[in-house]
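Participant: Sharing a structure, written as structure tokens. Questions coming.
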Amino acid sequence: MKIGLVGYGGAGKSTVFSALTGIDPSSGRGGLASIRVPDQRVDALAQLCRPRKTTYAEITFQDFPSGAFAPRGRSLGGAILGEMRTLDVLAEVCDAFSQPLESAVQTVADFRAELLLSDLAIVERRLERLARERGDPGEQRLLERVRRCLEEEQELRVLGLTQEEQRRLSGYRFLTLKPRILVLNVSEEAVTGGPGPLAERAADWDLEVVVMSAPIERELAELAPQDARTFLDDIGLDSGARDRFIAACYRKLDLITFLTAGEDEVRAWPVRRGTSAVEAAAKVHSDIARGFIRAEVVRVEDYLELGGEGACRKAGKLAIEGRDYQVRDGDVIHFRFNV
Ligand SMILES: Nc1nc2c(ncn2[C@@H]2O[C@H](COP(=O)(O)OP(=O)(O)OP(=O)(O)O)[C@@H](O)[C@H]2O)c(=O)[nH]1
Ligand SMILES: [Mg+2]
């Protein structure tokens with residue numbers, strides 16, 4: 001999953017990138033960095049199974065080179081809008097340290113307007129071509145719906161597209177169809193203050209908000225877990241921005257986690273809610289999906305309590321599921337396959 005830090009020049013994207021990943025942003029050249037998604041279930045399974053390898057889910061952040069985004073008040077330009085189309089999630093950083101939250105609302109509105117216009121330009125070009133070439137009427141109808149939505153200044157995320165429609169539109173890589181998280185980069189004093197006037201607008205705009213202060217996160221990153229907890233309590237925060245950011249991504253993308261456990265590896269696999277057993281198998285290996293026989297499923301709580309798959313089988317806590325079984329968060333799955 002690639003999450004791009006986007007937003008007007010000087011909004012603090014590289015500072016946030018550094019705070020979330022621990023990578024020094026001083027180069028200003030941008031880059032990629034991955035963080036591990038903490039998961040206590042993986043910790044516990046690893047302790048029980050003592051595998052050769054333990055693999056957590058990962059999130060990869062991309063920071064763009066300084067200068068790629070125009071400063072607020074100017075328009076972004078086609079090049080960077082095009083690059084943004086390659087991202088899975090947009091983490092929009094908004095400067096709320098050098099401007100009051102009331103002006104930050106306007107900055108977010110301006111950015112949103114640019115995304116809407118950019119998508120609209122793409123639909124209009126495509127519709128013109130379809131009209132000339134007398135293309136597929138189904139596609140034309142769908143794109144006309146898309147155009148109306150954008151003309152009404154609504155993002156495509158709220159259009160309620162079916163999975164099939166989303167698949168048909170995937171080639172256009174619409175920016176307003178991408179999940180977007182708003183990172184409010186506030187000053188240290190404002191970090192417990194919440195998003196203020198942005199809260200309501202963000203809800204209207206279907207944006208998840210993460211309020212953070214980069215200096216606080218940097219300090220937090222340098223502390224041992226116990227000291228970090230005390231530090232957070234002193235400020236009055238439940239958790240650090242990294243954890244809140246990860247949770248926001250999982251919510252926005254509607255991700256759940258299934259697990260695999262054994263002597264070789266204990267591993268967390270993030271998948272969309274609604275993923276079937278055979279689709280989950282394909283994540284692990286295409287051969288397992290091709291030769292899928294069944295999924296043997298144990299709840300992670302049972303796995304940990306009873307001490308492994310064998311004990312769960314004996315206790316009747318192991319379910320045999322077919323290819324269409326919908327994977328649940330916290331399933332420990334052993335795929336049986338034949339190739
Ligand atoms: N006081 C304060 N300054 C900040 C904060 N976040 C960023 N800055 C400063 O704002 C300036 C711009 O920050 P960057 O992180 O480079 O911003 P950017 O969005 O990456 O900028 P470009 O890549 O050039 O678009 C730097 O001088 C940062 O030190 C903050 O929370 N508080
Ligand atoms: Mg930068």
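Following the order of the structure tokens, first chain is A, next is B, and so on, with residues numbered from 1 inside each chain and ligands from 1 in the order they appear.
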Report as a list in words all protein, DNA and RNA residues lying within 12 Å of A:Glu152, evaluated on only C-alpha atoms, omitting residues in the same chain fewer than 4 positions from it.
Facilitator: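 The contact residues come out as Ala113, Leu116, Leu117, Leu120, Arg145, Val146, Arg147, Arg148, Leu156, Val158 and Leu159 of chain A.
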Participant: Name each residue within 10 Å of ligand 2, counting only C-alpha atoms and all ligand atoms, as JSON, numbers by chain.
Facilitator: {"A": [5, 6, 7, 8, 9, 10, 11, 12, 13, 14, 15, 16, 17, 18, 25, 26, 27, 28, 29, 30, 31, 63, 64, 65, 66, 67, 68, 69]}
Participant: Would you kindly return, as a ChimeraX atom specification, each protein, DNA or RNA residue with an atom no farther than 10 Å from any atom of A:Leu87, considering only C-alpha atoms and excluding same-chain residues fewer than 2 positions away?
Facilitator: /A:1-5,61-62,82-85,89-91,173,175,178-179
Participant: Report, in Å with one decimal, the straight-line distance from atom CA of A:Arg218 to atom CA of A:Ala19.
Facilitator: 5.3 Å
Participant: Give the helix (DSSP H, G or I) residues of stretch 40-80 of chain A, as assigned by DSSP on the backbone, as a list in words.
Facilitator: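 Matching residues for helix (DSSP H, G or I) in stretch 40-80 of chain A are Gln40, Arg41, Val42, Asp43, Ala44, Leu45, Ala46, Gln47, Leu48, Cys49, Gly78, Ala79 and Ile80 of chain A.
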Participant: What would the file look like if the residues just selected were written as an mmCIF file, in the first residue's frame with N, CA and C atoms?
Facilitator:
data_model
loop_
_atom_site.group_PDB
_atom_site.id
_atom_site.type_symbol
_atom_site.label_atom_id
_atom_site.label_comp_id
_atom_site.auth_asym_id
_atom_site.auth_seq_id
_atom_site.Cartn_x
_atom_site.Cartn_y
_atom_site.Cartn_z
ATOM 1 N N GLN A 40 -0.376 -6.753 18.120
ATOM 2 C CA GLN A 40 -0.095 -7.594 19.298
ATOM 3 C C GLN A 40 -0.395 -9.060 19.046
ATOM 4 N N ARG A 41 -1.299 -9.322 18.095
ATOM 5 C CA ARG A 41 -1.613 -10.718 17.775
ATOM 6 C C ARG A 41 -0.399 -11.392 17.138
ATOM 7 N N VAL A 42 0.285 -10.633 16.290
ATOM 8 C CA VAL A 42 1.501 -11.166 15.665
ATOM 9 C C VAL A 42 2.574 -11.392 16.727
ATOM 10 N N ASP A 43 2.713 -10.431 17.629
ATOM 11 C CA ASP A 43 3.688 -10.579 18.722
ATOM 12 C C ASP A 43 3.426 -11.874 19.488
ATOM 13 N N ALA A 44 2.141 -12.079 19.849
ATOM 14 C CA ALA A 44 1.797 -13.242 20.670
ATOM 15 C C ALA A 44 1.978 -14.544 19.901
ATOM 16 N N LEU A 45 1.571 -14.559 18.623
ATOM 17 C CA LEU A 45 1.736 -15.773 17.811
ATOM 18 C C LEU A 45 3.222 -16.108 17.654
ATOM 19 N N ALA A 46 4.037 -15.077 17.487
ATOM 20 C CA ALA A 46 5.472 -15.305 17.303
ATOM 21 C C ALA A 46 6.076 -15.891 18.575
ATOM 22 N N GLN A 47 5.574 -15.421 19.712
ATOM 23 C CA GLN A 47 6.087 -15.931 20.970
ATOM 24 C C GLN A 47 5.727 -17.407 21.146
ATOM 25 N N LEU A 48 4.530 -17.755 20.677
ATOM 26 C CA LEU A 48 4.056 -19.133 20.797
ATOM 27 C C LEU A 48 4.744 -20.055 19.782
ATOM 28 N N CYS A 49 4.824 -19.614 18.533
ATOM 29 C CA CYS A 49 5.307 -20.496 17.448
ATOM 30 C C CYS A 49 6.822 -20.470 17.288
ATOM 31 N N GLY A 78 -0.250 20.108 -13.842
ATOM 32 C CA GLY A 78 -0.580 18.762 -14.313
ATOM 33 C C GLY A 78 0.433 17.702 -13.924
ATOM 34 N N ALA A 79 1.711 18.071 -13.835
ATOM 35 C CA ALA A 79 2.743 17.050 -13.612
ATOM 36 C C ALA A 79 2.531 16.353 -12.272
ATOM 37 N N ILE A 80 2.366 17.140 -11.216
ATOM 38 C CA ILE A 80 2.245 16.521 -9.890
ATOM 39 C C ILE A 80 0.872 15.855 -9.730
#
Participant: One decimal, Å: what's the distance from atom CA of A:Asp331 over to atom CA of A:Thr257, could you say?
Facilitator: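 Separating atom CA of A:Asp331 from atom CA of A:Thr257 is a distance of 7.7 Å.
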Participant: As a list in words, please: the residues near stretch 273-285 of chain A (cut-off 9 Å, only C-alpha atoms, same-chain neighbours under 3 positions excluded).
Facilitator: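 My reading of the contact set: Leu253, Asp254, Leu255, Ile256, Thr257, Phe258, Trp269, Ile288, Ala289, Arg290, Phe292, Arg294, Ala295, Glu321, Gly322, Arg323, Asp324, Tyr325, Gln326, Val327, Arg328, Asp329, Ile333 and Phe335 of chain A.
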Participant: Which residue gives the smallest distance to ligand 1 among A:Arg125, A:Arg244, A:Arg157, A:Arg72, with only C-alpha atoms and all ligand atoms counted?
Facilitator: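 Counting only C-alpha atoms and all ligand atoms, the residue closest to ligand 1 is A:Arg72.
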Participant: What is the distance, in Å and to one decimal place, between atom CA of A:Glu58 and atom CA of A:Ser34?
Facilitator: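 According to the coordinates, atom CA of A:Glu58 and atom CA of A:Ser34 are separated by 6.3 Å.
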Participant: Have a look at A:Cys249, A:Leu101, A:Leu115, A:Ile59 and name the one nearest to A:Ser75; count only C-alpha atoms.
Facilitator: A:Leu115
Participant: Which neighbours of A:Val209 fall inside 9 Å, counting only C-alpha atoms, when residues of the same chain fewer than 2 positions from it are skipped, and could you give them as number ranges by chain?
Facilitator: A: 181-184, 195, 198-199, 202-203, 207, 211, 245, 248
Participant: Could you write out the selected residues, including C-alpha atoms, as a PDB file, in the first residue's frame?
Facilitator:
ATOM      1  CA  ILE A 181      -6.598  11.356   4.965  1.00  0.00           C
ATOM      2  CA  LEU A 182      -6.167  14.907   6.122  1.00  0.00           C
ATOM      3  CA  VAL A 183      -3.087  15.417   8.254  1.00  0.00           C
ATOM      4  CA  LEU A 184      -3.442  18.667  10.153  1.00  0.00           C
ATOM      5  CA  PRO A 195      -9.604  19.964  14.150  1.00  0.00           C
ATOM      6  CA  LEU A 198     -12.422  21.660  10.048  1.00  0.00           C
ATOM      7  CA  ALA A 199     -14.188  18.798  11.800  1.00  0.00           C
ATOM      8  CA  ALA A 202     -13.957  17.132   6.824  1.00  0.00           C
ATOM      9  CA  ALA A 203     -17.014  14.981   7.554  1.00  0.00           C
ATOM     10  CA  LEU A 207     -11.926  13.020   4.932  1.00  0.00           C
ATOM     11  CA  VAL A 211      -4.191  16.055  14.052  1.00  0.00           C
ATOM     12  CA  PHE A 245      -2.582   7.447  11.157  1.00  0.00           C
ATOM     13  CA  ALA A 248      -7.219   5.902   9.873  1.00  0.00           C
TER      14      ALA A 248
END
Participant: I need the residue nearest ligand 1 from this list: A:Gln154, A:Ser103, A:Thr55, A:Ser98. Use only C-alpha atoms and all ligand atoms for the distance.
Facilitator: A:Ser98
Participant: Calculated over only C-alpha atoms and all ligand atoms, which of the candidates A:Asp88, A:Tyr303, A:Asn185, A:Ala104 has the smallest distance to ligand 1?
Facilitator: A:Asn185
Participant: So, with only C-alpha atoms and all ligand atoms as the atoms that count, which of A:Thr86, A:Thr60, A:Thr176, A:Ser213 lies closest to ligand 1?
Facilitator: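 Under the stated criterion, the closest residue is A:Ser213.
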Participant: So, with only C-alpha atoms and all ligand atoms as the atoms that count, which of A:Val93, A:Ile320, A:Ile246, A:Val105 lies closest to ligand 1?
Facilitator: A:Val93
